[in-house]
Every structure is written in structure tokens, then in C-alpha cells.
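Reviewing the structure listed below.
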Amino acid sequence: MMKASPSISLRMVMLAWVSALGLMQVLLWRYLGLGWGWFAASGGALVALLLLIARQKWTECRIDRRVFAVALPLSVLLLVLGGEGGLFYATPDWQVRYAVLHDLATQPWPFAFAHHGGPLILRLPLGMYLLPGLVGQYAGFSAACWALLVQNSLLLTGLIAMGSALFEGARRQWVALGSFLGFSGMDVLGQWVAGKSLALHLEGWAGVQFSSTITQIFWVPQHAMAGWVLALAYLLWWRGLVPLAVLVAAMPLVALLSPLAMIGGLPFVAYAGGVEVWRRKWLWHEFLAGALALVACGPALLYLTAGSGAVKQGAAQSFQITGYPIFILLEISAYCLALWRMKRQQPFGIDTRWIAVLALLVVPCGQIGDGVDFAMRASIPALAILALSIGHALGEPQPWAKEAKGWIMVALVFGIATPAGEIWRAVTWQAATPVLCGYLGVIRNGYATYTAPWAALPEAIRSSDTQMVVAHNPYRCWSKPWRDPVSGEASFQHPY
């Protein structure tokens with residue numbers, strides 16, 4: 001009799017991820033200097049939420065430990081190539097990201113910046129930064145940077161492990177992983193049509209963007225992981241492997257990682273809830289999970305919405321109706337056609353396919369903040385579901401998948417240029433130099449998406465112990481010119 005391979009339950013991995021989201025809430029309370037009343041109320045809700053989820057009825061599903069043996073080094077490799085650890089080139093987004101971490105590691109918590117227009121606070125999705133920032137409080141900024149790499153590697157490992165539970169057998173898991181990492185629109189064709197350089201970042205050709213998987217990992221890992229955990233929780237629910245309460249609870253908790261990715265997950269959560277109601281199931285566990293999650297992340301929601309009136313919202317200003325058809329054509333049409341050719345053999349249901357496609361058709365039309373961040377971040381859950389559906393089709397040996405595979409391969413052959421370009425720049429361009437400034441050193445007056453007046457904080461979370469600090473930043477925030485992959489130029493100034 002063959003001995004079964006050592007394994008870890010899907011429930012344990014999912015609970016670890018939800019616990020990590022909960023820890024981010026607790027660290028935000030510490031960062032804001034909240035009193036013990038908040039810790040008692042929100043902390044009690046968080047503990048009750050974890051107990052409620054753990055006691056739900058879970059379908060037995062175990063993940064082979066060999067999956068983790070692959071996922072952990074792969075996660076470290078991807079994140080290091082993306083610039084974490086400072087060993088390879090990092091995109092200019094990391095100028096701001098490391099500056100925020102610098103402030104969290106070196107300034108006393110809670111703090112506000114003395115500013116000519118009145119005290120300013122950092123007001124942004126801080127979930128990814130808080131634990132590394134706390135490490136930096138005791139061990140310095142360099143230790144905080146390494147703590148960030150360790151934290152993100154563990155989180156990404158958990159996501160890869162959860163994703164493996166959607167596919168049976170090692171072959172299908174490898175195919176799905178490869179296609180997910182290579183997933184991208186046919187940006188090289190769009191860049192060529194727009195008359196732009198094919199040697200630089202390829203995804204800005206249309207004035208709006210759906211980011212490839214590698215782009216998300218390299219540029220915005222916190223947004224990527226927030227969107228992916230929602231997508232995975234939904235698909236695992238669809239397969240009957242996790243209870244709906246997990247998905248409901250994760251929704252508000254991920255806001256501290258990425259509110260825009262959270263918005264992108266709303267249609268899937270709403271559909272899942274509707275299905276359970278249609279099945280005439282009592283949803284009191286789900287309502288209770290949602291209520292407890294809202295109480296647990298109450299301070300985070302108040303914090304994230306402080307001063308949000310200054311953030312641009314509405315129809316996308318860069319949206320051009322004349323360019324919309326070719327954008328959709330090159331980004332997702334081949335993948336959608338492949339799924340359509342599969343008829344009713346949809347890996348995660350026809351309804352899921354339509355929700356994902358409709359979401360991707362709509363998000364380019366909206367805007368929250370400057371630029372096209374809303375389309376790039378709110379599209380992450382739907383893109384992840386589309387990518388995993390494509391991975392399922394590629395791993396399917398049945399004859400009905402043959403024509404779908406043809407369309408998928410066309411898209412992947414052209415699309416692979418985008419992640420290949422990101423990796424090529426990571427290994428050939430000059431490695432990122434340490435960021436020497438805090439946030440206001442990199443962005444002199446601050447963006448409304450990253451800062452808010454201290455007075456805009458609701459009194460319930462505005463600590464009287466907040467220390468007013470003066471930002472002392474060197475004239476140059478990095479020792480060597482930092483190259484921008486969009487323009488190709490190197491500068492001592494943040495390009496965006």
C-alpha cells in the first residue's frame with residue numbers, strides 16, 4: 001500500500017490568509033494609536049470571526065506539501081525580480097512604496113507631518129506596509145525592507161497553494177500556473193499600432209490598462225494579492241471547497257490592501273450570495289461573518305475614507321470611445337472567444353464567465369484617483385478568474401477543448417511579450433538603489449490618494465497622542481538616476 005504524501009488542509013491555508021488580513025487590522029489600530037476600547041470591540045469581533053469561519057462546514061481538501069516546496073521559492077523569485085530586496089531593477093512605483101515604508105519604519109507611531117497647509121497624515125491602503133514598518137521601528141529601515149519580502153513571499157505562497165486546489169493532478173496544476181503567470185493581453189500589437197517603442201513598458205498604449213500577471217507582481221503586489229484572494233475564494237466556493245462566509249468576510253478585510261481590488265470583487269460576492277439565497281439556504285452565518293468583519297475593519301474603513309472627497313471620482317477622463325473597441329479586442333477578446341467555443345463546458349460556470357467579461361467591459365469607463373488606477377486594480381479579480389479559466393482549458397485533454405486552445409495560444413504567443421519585457425528589464429537594467437526619503441521627499445506636496453489632512457480623520461480614530469513630525473529629506477532620494485520603463489529616461493525625480 002502506497003504511503004500518502006504529506007499534505008496541509010485547504011482550510012488551514014485559507015484561515016492563515018484571513019488571519020493575516022486580520023493582523024493588518026490590528027496593526028493599523030497600533031499605527032493610529034487607538035485606545036483599548038477599539039481593541040476590545042474590533043479585536044473581539046476579529047476573534048469571533050475567525051472562530052465562526054473555522055467552525056463552518058468545509059469540504060475536505062488537502063494540498064500536497066510539494067506544492068508549497070515549489071510555491072515558496074517561486075514566490076521569492078518573482079518578488080525579488082520585481083524589485084523587493086533591492087537585488088534587481090524596481091519600477092518607479094517602488095520609489096513611492098519604499099518611501100512610505102521608510103516613514104513607517106522611522107517615524108514614531110502615531111504621527112502626522114507638519115505641513116504649510118496644516119498637518120498631513122499618510123492615508124492609503126497600508127495593509128502591506130504595517131508589519132514590515134513595525135519591524136523597522138525596532139530594527140531599522142533595511143530590516144523593514146527584508147521583512148516586506150518575507151511577508152509577501154508567504155502570502156503569495158498561500159495564494160499559489162490555494163489555486164492548486166482548483167486543479168486535479170500535477171500536470172494540470174503546472175499548466176494552470178504557467179498560463180496564469182504568462183497571462184496578458186496582446187499589448188505588443190497595441191504598442192506597435194500606437195507607434196510606441198516595443199522595448200519599453202507595453203501596457204500604456206491605449207490610455208487605459210489591464211495589467212498582466214507579472215506586471216501586477218512587479219508593480220503592485222498588494223493590489224494583486226487582494227484581488228487574487230477574492231477571486232480564489234469565489235472559485236473555491238463555486239467548487240464547493242470553502243464556505244461562502246469566507247468570501248463574505250474577506251471582502252471588507254482586503255480593503256486595507258486594496259480598496260479598488262475589493263470593488264472589483266463585489267459582483268462575484270453578490271452573485272455568490274444570490275445563488276445561496278436561490279438555493280433557499282439560511283445565510284445567518286454569512287450575515288454574521290460580514291457583520292463581524294465590518295466591525296473588525298471599522299477603523300480601517302474610517303481611515304481609508306478620511307478626506308476622500310479630494311480624490312477624483314467619476315467617468316474616466318482618459319477614456320476614449322474610439323479607442324475602446326481595439327483595447328477590448330487586443331486585451332481579452334481572444335480569451336473570451338476561446339471560452340465561448342467551449343460552449344457549456346465552462347470550468348467555473350457560464351455565469352462566472354459572463355460576470356468576469358462584463359466587469360472587464362465596464363471598469364475602463366470609471367475613475368477613482370488620478371490616472372487609470374481604477375481600471376488597472378478593479379479588473380484584477382476578473383482577470384484572475386479569466387486567467388484560471390484559460391489555464392483549465394489548456395490542461396483539458398478532451399476533444400471539445402481543441403479549438404479553444406487554438407485561440408488561447410494565439411493570445412498567449414503575442415501576450416507573452418509583456419511579461420517577458422518586464423523580466424528582461426528586471427535582470428538587465430540597473431538594480432534599484434535604496435530610497436533615502438520618506439513619502440513627502442519623493443512626492444513633495446503629496447497626492448490626495450496617499451495623504452489627507454490630519455483634521456479630516458474622524459474623531460473616533462484621531463489619537464491625541466499623535467506626534468507632529470517635520471520631514472527631513474535629503475535633496476536626492478536615491479543615489480543614482482532611476483530609469484523609467486515607460487519613457488526609458490533616468491532621473492532623480494519621481495516620473496509620475
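Residue numbering restarts at 1 in every chain; chains get A, B, ... in the order shown in the C-alpha cells, and ligands count up from 1 in that same order.
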Compile the contact shell of Leu440 (chain A) as a VMD selection string: residues with an atom at most 9 Å away, counting only C-alpha atoms, same-chain residues fewer than 2 positions apart removed.
chain A and resid 99 to 100 113 437 to 438 442 to 446 471 473
For those residues, write N, CA and C atoms to a file as an mmCIF file, in the first residue's frame.
data_model
loop_
_atom_site.group_PDB
_atom_site.id
_atom_site.type_symbol
_atom_site.label_atom_id
_atom_site.label_comp_id
_atom_site.auth_asym_id
_atom_site.auth_seq_id
_atom_site.Cartn_x
_atom_site.Cartn_y
_atom_site.Cartn_z
ATOM 1 N N ALA A 99 9.296 54.697 0.056
ATOM 2 C CA ALA A 99 9.228 55.939 0.831
ATOM 3 C C ALA A 99 8.182 55.830 1.935
ATOM 4 N N VAL A 100 7.035 55.242 1.624
ATOM 5 C CA VAL A 100 6.008 55.016 2.647
ATOM 6 C C VAL A 100 6.551 54.097 3.732
ATOM 7 N N PHE A 113 2.588 64.719 9.605
ATOM 8 C CA PHE A 113 3.631 65.610 9.117
ATOM 9 C C PHE A 113 3.217 67.068 9.301
ATOM 10 N N CYS A 437 14.463 58.758 1.305
ATOM 11 C CA CYS A 437 13.475 59.741 1.756
ATOM 12 C C CYS A 437 12.210 59.055 2.259
ATOM 13 N N GLY A 438 11.418 59.858 2.969
ATOM 14 C CA GLY A 438 10.054 59.477 3.245
ATOM 15 C C GLY A 438 9.155 59.903 2.100
ATOM 16 N N VAL A 442 9.724 62.178 -1.778
ATOM 17 C CA VAL A 442 9.561 61.696 -3.151
ATOM 18 C C VAL A 442 8.454 62.464 -3.862
ATOM 19 N N ILE A 443 7.342 62.668 -3.189
ATOM 20 C CA ILE A 443 6.208 63.438 -3.728
ATOM 21 C C ILE A 443 6.067 64.672 -2.842
ATOM 22 N N ARG A 444 6.600 65.784 -3.271
ATOM 23 C CA ARG A 444 6.828 66.936 -2.393
ATOM 24 C C ARG A 444 5.578 67.437 -1.681
ATOM 25 N N ASN A 445 4.467 67.508 -2.366
ATOM 26 C CA ASN A 445 3.245 68.012 -1.738
ATOM 27 C C ASN A 445 2.226 66.909 -1.463
ATOM 28 N N GLY A 446 2.543 65.695 -1.850
ATOM 29 C CA GLY A 446 1.648 64.573 -1.594
ATOM 30 C C GLY A 446 0.476 64.527 -2.559
ATOM 31 N N ALA A 471 9.339 66.458 8.257
ATOM 32 C CA ALA A 471 10.007 65.527 7.346
ATOM 33 C C ALA A 471 11.348 66.099 6.924
ATOM 34 N N ASN A 473 14.194 65.376 4.614
ATOM 35 C CA ASN A 473 14.555 64.528 3.488
ATOM 36 C C ASN A 473 15.751 65.112 2.754
#
Give me, as JSON, numbers by chain, all polymer residues having an atom no more than 10 Å from Glu396 (chain A), counting only C-alpha atoms and skipping those fewer than 6 positions away in the same chain.
{"A": [172, 175, 347, 390, 402, 405]}
Go ahead and dump the residues you just picked, N, CA and C atoms, as a compact mmCIF listing (two decimals), in the first residue's frame.
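Output (again.txt):
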# COMPACT_ATOMS: atom_id res chain seq x y z
N ARG A 172 -2.02 19.30 -14.67
CA ARG A 172 -2.96 20.41 -14.80
C ARG A 172 -2.54 21.59 -13.93
N VAL A 175 0.29 23.38 -15.78
CA VAL A 175 -0.24 24.12 -16.93
C VAL A 175 -0.96 25.38 -16.47
N PRO A 347 -15.25 25.87 -17.05
CA PRO A 347 -14.61 25.34 -15.84
C PRO A 347 -15.23 25.84 -14.55
N ILE A 390 -8.69 30.00 -18.41
CA ILE A 390 -7.84 29.66 -19.55
C ILE A 390 -6.89 28.52 -19.19
N LYS A 402 -10.11 21.55 -28.04
CA LYS A 402 -9.06 21.76 -29.04
C LYS A 402 -9.15 23.14 -29.68
N LYS A 405 -8.21 25.94 -27.38
CA LYS A 405 -6.76 26.03 -27.18
C LYS A 405 -6.09 26.81 -28.30
What are the closest atom pairs, with distances in Å to one decimal, for each residue of region 291-401 of chain A lying within 10 Å of region 265-286 of chain A, using only C-alpha atoms, rows by chain and rising residue number, as a tab-separated table?
residue	atom	partner	partner_atom	distance
A:Ala291	CA	A:Glu286	CA	8.5
A:Leu292	CA	A:Glu286	CA	9.8
A:Asp351	CA	A:Tyr271	CA	8.8
A:Thr352	CA	A:Phe268	CA	7.7
A:Ile355	CA	A:Pro267	CA	7.1
A:Ala356	CA	A:Phe268	CA	8.3
A:Leu358	CA	A:Pro267	CA	9.8
A:Ala359	CA	A:Pro267	CA	7.9
A:Ala378	CA	A:Gly265	CA	7.6
A:Ser379	CA	A:Gly265	CA	8.7
A:Ile380	CA	A:Gly265	CA	8.5
A:Pro381	CA	A:Gly265	CA	5.9
A:Ala382	CA	A:Gly265	CA	7.7
Take the residues from that selection and put them in a file with N, CA and C atoms, as a PDB file, in the first residue's frame.
ATOM      1  N   ALA A 291     -20.961  40.988   9.240  1.00  0.00           N
ATOM      2  CA  ALA A 291     -21.089  41.990  10.303  1.00  0.00           C
ATOM      3  C   ALA A 291     -19.843  42.024  11.178  1.00  0.00           C
ATOM      4  N   LEU A 292     -19.334  40.855  11.544  1.00  0.00           N
ATOM      5  CA  LEU A 292     -18.122  40.805  12.368  1.00  0.00           C
ATOM      6  C   LEU A 292     -16.927  41.388  11.620  1.00  0.00           C
ATOM      7  N   ASP A 351     -22.203  31.487 -15.809  1.00  0.00           N
ATOM      8  CA  ASP A 351     -22.477  32.753 -15.123  1.00  0.00           C
ATOM      9  C   ASP A 351     -21.183  33.436 -14.698  1.00  0.00           C
ATOM     10  N   THR A 352     -20.242  32.668 -14.185  1.00  0.00           N
ATOM     11  CA  THR A 352     -18.957  33.240 -13.776  1.00  0.00           C
ATOM     12  C   THR A 352     -18.256  33.881 -14.962  1.00  0.00           C
ATOM     13  N   ILE A 355     -19.984  37.223 -15.748  1.00  0.00           N
ATOM     14  CA  ILE A 355     -19.690  38.260 -14.746  1.00  0.00           C
ATOM     15  C   ILE A 355     -18.299  38.824 -14.974  1.00  0.00           C
ATOM     16  N   ALA A 356     -17.325  37.945 -15.209  1.00  0.00           N
ATOM     17  CA  ALA A 356     -15.953  38.400 -15.428  1.00  0.00           C
ATOM     18  C   ALA A 356     -15.851  39.265 -16.681  1.00  0.00           C
ATOM     19  N   LEU A 358     -18.280  40.953 -18.301  1.00  0.00           N
ATOM     20  CA  LEU A 358     -18.995  42.223 -18.135  1.00  0.00           C
ATOM     21  C   LEU A 358     -18.218  43.180 -17.240  1.00  0.00           C
ATOM     22  N   ALA A 359     -17.603  42.654 -16.182  1.00  0.00           N
ATOM     23  CA  ALA A 359     -16.795  43.510 -15.310  1.00  0.00           C
ATOM     24  C   ALA A 359     -15.647  44.135 -16.091  1.00  0.00           C
ATOM     25  N   ALA A 378      -9.303  47.438 -10.227  1.00  0.00           N
ATOM     26  CA  ALA A 378     -10.628  46.818 -10.116  1.00  0.00           C
ATOM     27  C   ALA A 378     -10.784  45.644 -11.074  1.00  0.00           C
ATOM     28  N   SER A 379      -9.947  45.583 -12.097  1.00  0.00           N
ATOM     29  CA  SER A 379     -10.022  44.476 -13.056  1.00  0.00           C
ATOM     30  C   SER A 379      -9.319  43.217 -12.561  1.00  0.00           C
ATOM     31  N   ILE A 380      -8.558  43.309 -11.466  1.00  0.00           N
ATOM     32  CA  ILE A 380      -7.708  42.189 -11.047  1.00  0.00           C
ATOM     33  C   ILE A 380      -8.499  40.916 -10.743  1.00  0.00           C
ATOM     34  N   PRO A 381      -9.590  40.952  -9.950  1.00  0.00           N
ATOM     35  CA  PRO A 381     -10.321  39.700  -9.708  1.00  0.00           C
ATOM     36  C   PRO A 381     -10.854  39.056 -10.987  1.00  0.00           C
ATOM     37  N   ALA A 382     -11.445  39.862 -11.864  1.00  0.00           N
ATOM     38  CA  ALA A 382     -11.998  39.307 -13.107  1.00  0.00           C
ATOM     39  C   ALA A 382     -10.895  38.760 -14.005  1.00  0.00           C
TER      40      ALA A 382
END
Excluding Ala289 (chain A) and its own-chain neighbours fewer than 5 positions away, which residues fall within 6 Å of it when counting only C-alpha atoms? Please give them as a ChimeraX atom specification.
/A:49,245,249
Write out as a VMD selection string the set of residues from region 165-330 of chain A that DSSP, computed on the backbone, places in alpha helix (DSSP H).
chain A and resid 170 to 182 187 to 193 213 to 219 221 to 238 244 to 253 259 to 278 284 to 296 298 to 305 324 to 328
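If you measure from each of A:Val242, A:Ala420, A:Met409, A:Ala41 to Leu198 (chain A) using only C-alpha atoms, the closest one turns out to be A:Ala420.
Within region 205-417 of chain A, DSSP run on the backbone puts these residues in strand (DSSP E or B): A:Gln313, A:Gly314, A:Ala315, A:Gly366, A:Gln367, A:Ile368.
Distances here use only C-alpha atoms; by that measure, the residue among A:Glu60, A:Glu489, A:Glu84, A:Asp187 closest to Thr418 (chain A) is A:Asp187.
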Excluding Leu301 (chain A) and any residue of its chain fewer than 3 positions from it, enumerate the residues within 9 Å of it, using only C-alpha atoms, and give them as a list of chain:residue names.
A:Pro252, A:Ala255, A:Leu256, A:Leu294, A:Cys297, A:Gly298, A:Leu304, A:Thr305, A:Ala306
Hey, can you spit out that residue selection with N, CA and C atoms as a PDB file, in the first residue's frame?
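New file selection_39.pdb:
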ATOM      1  N   PRO A 252     -14.506  43.014   3.111  1.00  0.00           N
ATOM      2  CA  PRO A 252     -14.082  44.254   3.762  1.00  0.00           C
ATOM      3  C   PRO A 252     -12.651  44.197   4.281  1.00  0.00           C
ATOM      4  N   ALA A 255      -9.830  45.549   2.013  1.00  0.00           N
ATOM      5  CA  ALA A 255      -9.806  46.981   1.699  1.00  0.00           C
ATOM      6  C   ALA A 255      -8.510  47.626   2.147  1.00  0.00           C
ATOM      7  N   LEU A 256      -7.916  47.144   3.232  1.00  0.00           N
ATOM      8  CA  LEU A 256      -6.679  47.734   3.732  1.00  0.00           C
ATOM      9  C   LEU A 256      -5.488  47.370   2.852  1.00  0.00           C
ATOM     10  N   LEU A 294     -17.024  43.699   9.299  1.00  0.00           N
ATOM     11  CA  LEU A 294     -17.189  45.154   9.244  1.00  0.00           C
ATOM     12  C   LEU A 294     -16.799  45.807  10.563  1.00  0.00           C
ATOM     13  N   CYS A 297     -12.933  45.676  10.846  1.00  0.00           N
ATOM     14  CA  CYS A 297     -12.199  46.616   9.996  1.00  0.00           C
ATOM     15  C   CYS A 297     -12.842  47.998  10.006  1.00  0.00           C
ATOM     16  N   GLY A 298     -13.696  48.272  11.003  1.00  0.00           N
ATOM     17  CA  GLY A 298     -14.296  49.600  11.117  1.00  0.00           C
ATOM     18  C   GLY A 298     -13.279  50.723  11.130  1.00  0.00           C
ATOM     19  N   LEU A 304      -9.549  54.895   5.675  1.00  0.00           N
ATOM     20  CA  LEU A 304      -9.393  54.956   4.223  1.00  0.00           C
ATOM     21  C   LEU A 304     -10.290  55.999   3.576  1.00  0.00           C
ATOM     22  N   THR A 305     -11.409  56.310   4.199  1.00  0.00           N
ATOM     23  CA  THR A 305     -12.337  57.290   3.623  1.00  0.00           C
ATOM     24  C   THR A 305     -12.111  58.701   4.150  1.00  0.00           C
ATOM     25  N   ALA A 306     -11.162  58.884   5.068  1.00  0.00           N
ATOM     26  CA  ALA A 306     -10.890  60.223   5.605  1.00  0.00           C
ATOM     27  C   ALA A 306     -10.362  61.130   4.493  1.00  0.00           C
TER      28      ALA A 306
END
Report, in Å with one decimal, the straight-line distance from CA of Leu46 (chain A) to CA of Leu241 (chain A).
22.7 Å
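Nearest to Ala431 (chain A) of all the residues A:Val135, A:Leu154, A:Ala90, A:Leu189 is A:Ala90, based on only C-alpha atoms.
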Write out as a Markdown table the residues of region 57-163 of chain A that have any atom within 12 Å of an atom of region 476-481 of chain A, one row each with the nearest atom pair and its distance in Å to one decimal, counting only C-alpha atoms, sorted by chain and then rising number.
| residue | atom | partner | partner_atom | distance |
| --- | --- | --- | --- | --- |
| A:Pro92 | CA | A:Pro481 | CA | 11.1 |
| A:Trp94 | CA | A:Trp478 | CA | 11.7 |
| A:Gln95 | CA | A:Cys477 | CA | 8.6 |
| A:Val96 | CA | A:Cys477 | CA | 10.4 |
| A:Tyr98 | CA | A:Cys477 | CA | 10.6 |
| A:Ala99 | CA | A:Cys477 | CA | 8.9 |
| A:His102 | CA | A:Cys477 | CA | 11.3 |
Only N, CA and C atoms, please: the residues just picked out, written as a PDB file, in the first residue's frame.
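Below you can see part25.pdb, which holds the result:
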ATOM      1  N   PRO A  92       9.382  52.534 -10.962  1.00  0.00           N
ATOM      2  CA  PRO A  92       9.255  53.770 -10.175  1.00  0.00           C
ATOM      3  C   PRO A  92       8.150  53.749  -9.130  1.00  0.00           C
ATOM      4  N   TRP A  94       7.968  51.729  -6.908  1.00  0.00           N
ATOM      5  CA  TRP A  94       8.661  51.369  -5.670  1.00  0.00           C
ATOM      6  C   TRP A  94       9.368  52.558  -5.035  1.00  0.00           C
ATOM      7  N   GLN A  95       9.575  53.621  -5.785  1.00  0.00           N
ATOM      8  CA  GLN A  95      10.087  54.846  -5.164  1.00  0.00           C
ATOM      9  C   GLN A  95       9.112  55.328  -4.096  1.00  0.00           C
ATOM     10  N   VAL A  96       7.845  55.347  -4.444  1.00  0.00           N
ATOM     11  CA  VAL A  96       6.804  55.763  -3.501  1.00  0.00           C
ATOM     12  C   VAL A  96       6.600  54.698  -2.432  1.00  0.00           C
ATOM     13  N   TYR A  98       8.632  52.351  -1.207  1.00  0.00           N
ATOM     14  CA  TYR A  98       9.700  52.309  -0.206  1.00  0.00           C
ATOM     15  C   TYR A  98       9.722  53.583   0.634  1.00  0.00           C
ATOM     16  N   ALA A  99       9.296  54.697   0.056  1.00  0.00           N
ATOM     17  CA  ALA A  99       9.228  55.939   0.831  1.00  0.00           C
ATOM     18  C   ALA A  99       8.182  55.830   1.935  1.00  0.00           C
ATOM     19  N   HIS A 102       9.614  53.686   4.527  1.00  0.00           N
ATOM     20  CA  HIS A 102      10.635  54.454   5.254  1.00  0.00           C
ATOM     21  C   HIS A 102       9.996  55.263   6.372  1.00  0.00           C
TER      22      HIS A 102
END
Within 12 Å of region 484-486 of chain A, counting only C-alpha atoms, which residues show up once you throw out same-chain ones fewer than 2 positions away? Write them as a PyMOL selection string, please.
chain A and resi 89-95+191+196-205+215+219+421-426+429-430+432+481-482+488-496
Kindly export the residues of the current selection with N, CA and C atoms, as a CSV table (one decimal), in the first residue's frame.
chain,number,residue,atom,x,y,z
A,89,TYR,N,16.3,45.5,-10.7
A,89,TYR,CA,15.6,46.7,-11.0
A,89,TYR,C,14.2,46.7,-10.4
A,90,ALA,N,13.8,47.8,-9.9
A,90,ALA,CA,12.4,48.0,-9.5
A,90,ALA,C,11.8,49.2,-10.2
A,91,THR,N,10.5,49.1,-10.5
A,91,THR,CA,9.8,50.1,-11.2
A,91,THR,C,9.6,51.4,-10.4
A,92,PRO,N,9.4,52.5,-11.0
A,92,PRO,CA,9.3,53.8,-10.2
A,92,PRO,C,8.2,53.7,-9.1
A,93,ASP,N,7.2,52.9,-9.3
A,93,ASP,CA,6.2,52.7,-8.2
A,93,ASP,C,6.8,52.4,-6.9
A,94,TRP,N,8.0,51.7,-6.9
A,94,TRP,CA,8.7,51.4,-5.7
A,94,TRP,C,9.4,52.6,-5.0
A,95,GLN,N,9.6,53.6,-5.8
A,95,GLN,CA,10.1,54.8,-5.2
A,95,GLN,C,9.1,55.3,-4.1
A,191,GLN,N,0.9,48.4,-28.8
A,191,GLN,CA,2.1,49.3,-28.8
A,191,GLN,C,2.6,49.6,-30.2
A,196,LYS,N,4.6,53.2,-30.6
A,196,LYS,CA,5.4,53.4,-29.5
A,196,LYS,C,6.5,52.3,-29.4
A,197,SER,N,7.5,52.5,-28.6
A,197,SER,CA,8.6,51.6,-28.5
A,197,SER,C,8.2,50.2,-28.0
A,198,LEU,N,8.7,49.2,-28.7
A,198,LEU,CA,8.5,47.8,-28.2
A,198,LEU,C,9.5,47.4,-27.2
A,199,ALA,N,10.5,48.2,-26.9
A,199,ALA,CA,11.5,47.8,-25.9
A,199,ALA,C,11.2,48.3,-24.5
A,200,LEU,N,10.1,49.1,-24.4
A,200,LEU,CA,9.7,49.7,-23.1
A,200,LEU,C,8.5,49.0,-22.6
A,201,HIS,N,7.9,49.5,-21.5
A,201,HIS,CA,6.7,49.0,-20.9
A,201,HIS,C,5.6,49.1,-21.9
A,202,LEU,N,4.9,48.0,-22.2
A,202,LEU,CA,4.0,47.8,-23.3
A,202,LEU,C,2.5,48.1,-23.0
A,203,GLU,N,2.2,48.3,-21.7
A,203,GLU,CA,0.7,48.3,-21.4
A,203,GLU,C,0.0,49.6,-21.4
A,204,GLY,N,0.7,50.7,-21.7
A,204,GLY,CA,0.1,52.0,-21.6
A,204,GLY,C,-0.4,52.6,-22.9
A,205,TRP,N,-0.4,51.8,-24.0
A,205,TRP,CA,-0.6,52.2,-25.3
A,205,TRP,C,-2.0,52.8,-25.5
A,215,THR,N,3.2,41.9,-14.4
A,215,THR,CA,3.1,43.3,-14.2
A,215,THR,C,2.6,43.6,-12.8
A,219,TRP,N,4.8,45.5,-10.1
A,219,TRP,CA,4.5,46.9,-9.9
A,219,TRP,C,3.6,47.0,-8.6
A,421,GLY,N,9.1,41.2,-21.3
A,421,GLY,CA,9.7,42.5,-21.2
A,421,GLY,C,9.9,43.0,-19.8
A,422,GLU,N,9.0,42.7,-18.9
A,422,GLU,CA,9.1,43.1,-17.5
A,422,GLU,C,10.3,42.3,-16.9
A,423,ILE,N,10.4,41.0,-17.2
A,423,ILE,CA,11.5,40.2,-16.7
A,423,ILE,C,12.8,40.6,-17.3
A,424,TRP,N,12.9,40.9,-18.5
A,424,TRP,CA,14.1,41.4,-19.2
A,424,TRP,C,14.6,42.6,-18.6
A,425,ARG,N,13.8,43.6,-18.3
A,425,ARG,CA,14.2,44.8,-17.7
A,425,ARG,C,14.7,44.6,-16.3
A,426,ALA,N,14.0,43.7,-15.6
A,426,ALA,CA,14.4,43.4,-14.2
A,426,ALA,C,15.8,42.9,-14.1
A,429,TRP,N,18.4,45.9,-16.5
A,429,TRP,CA,18.6,47.3,-16.0
A,429,TRP,C,19.2,47.4,-14.7
A,430,GLN,N,19.8,48.6,-14.4
A,430,GLN,CA,20.5,48.8,-13.1
A,430,GLN,C,19.6,48.5,-11.9
A,432,ALA,N,17.8,48.7,-8.3
A,432,ALA,CA,17.3,49.8,-7.6
A,432,ALA,C,18.2,50.2,-6.5
A,481,PRO,N,20.6,58.0,-10.8
A,481,PRO,CA,19.3,58.2,-11.6
A,481,PRO,C,18.6,56.9,-11.8
A,482,TRP,N,17.3,57.0,-11.6
A,482,TRP,CA,16.4,55.8,-11.6
A,482,TRP,C,15.6,55.8,-13.0
A,488,GLY,N,11.8,55.4,-20.7
A,488,GLY,CA,13.2,55.0,-20.9
A,488,GLY,C,14.2,55.9,-20.3
A,489,GLU,N,13.8,57.1,-19.8
A,489,GLU,CA,14.7,58.1,-19.2
A,489,GLU,C,15.0,57.8,-17.8
A,490,ALA,N,16.2,58.2,-17.4
A,490,ALA,CA,16.6,58.0,-16.0
A,490,ALA,C,16.6,59.4,-15.3
A,491,SER,N,16.2,59.5,-14.0
A,491,SER,CA,16.0,60.7,-13.4
A,491,SER,C,16.2,60.6,-11.9
A,492,PHE,N,16.5,61.7,-11.2
A,492,PHE,CA,16.4,61.7,-9.7
A,492,PHE,C,15.1,62.1,-9.2
A,493,GLN,N,14.1,62.4,-10.1
A,493,GLN,CA,12.7,62.7,-9.7
A,493,GLN,C,11.8,61.6,-10.0
A,494,HIS,N,10.7,61.5,-9.2
A,494,HIS,CA,9.7,60.5,-9.5
A,494,HIS,C,9.0,60.9,-10.8
A,495,PRO,N,8.9,60.0,-11.8
A,495,PRO,CA,8.4,60.4,-13.1
A,495,PRO,C,6.9,60.6,-13.2
A,496,TYR,N,6.1,60.1,-12.2
A,496,TYR,CA,4.6,60.2,-12.4
A,496,TYR,C,4.0,61.1,-11.4
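Across A:Val410, A:Leu247, A:Leu236, A:Ile121, the tightest approach to Trp454 (chain A) is made by A:Ile121 when counting only C-alpha atoms.
Of the listed residues A:Ser333, A:Ser19, A:Thr213, A:Ser75, the one whose atoms come nearest to Leu181 (chain A) is A:Thr213, with distances taken using only C-alpha atoms.
Counting only C-alpha atoms, the residue from A:Arg239, A:Leu15, A:Met186, A:Ile53 that sits nearest to Gly158 (chain A) is A:Leu15.
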Quick one: residues within 12 Å of Gly307 (chain A), only C-alpha atoms, excluding same-chain residues fewer than 3 positions away - as a VMD selection string?
chain A and resid 120 to 124 302 to 304 310 to 312 447 to 458
Please produce, as CSV, a per-residue contact table for region 368-427 of chain A versus region 325-331 of chain A (criterion: any atom at most 10 Å away, only C-alpha atoms considered), showing the nearest atom pair and its distance in Å to one decimal, sorted by chain then residue number.
residue,atom,partner,partner_atom,distance
A:Ala411,CA,A:Leu330,CA,8.4
A:Phe414,CA,A:Leu330,CA,9.6
A:Gly415,CA,A:Glu331,CA,8.7
May I have the residues from that selection written out with N, CA and C atoms, as a PDB file, in the first residue's frame?
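Dumped everything to part26.pdb:
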ATOM      1  N   ALA A 411      -3.421  34.207 -28.390  1.00  0.00           N
ATOM      2  CA  ALA A 411      -3.325  35.299 -27.422  1.00  0.00           C
ATOM      3  C   ALA A 411      -2.048  35.204 -26.598  1.00  0.00           C
ATOM      4  N   PHE A 414       1.310  36.237 -28.551  1.00  0.00           N
ATOM      5  CA  PHE A 414       1.518  37.686 -28.609  1.00  0.00           C
ATOM      6  C   PHE A 414       1.607  38.288 -27.206  1.00  0.00           C
ATOM      7  N   GLY A 415       0.817  37.756 -26.284  1.00  0.00           N
ATOM      8  CA  GLY A 415       0.773  38.332 -24.948  1.00  0.00           C
ATOM      9  C   GLY A 415       2.028  38.119 -24.144  1.00  0.00           C
TER      10      GLY A 415
END
Quick one: distance from CA of Val435 (chain A) to CA of Gly85 (chain A) in Å, one decimal?
11.8 Å
Do you know which residues are at most 6 Å from Pro110 (chain A) counting only C-alpha atoms, after dropping those on the same chain fewer than 3 positions away, and could you put them as a count of residues only?
4
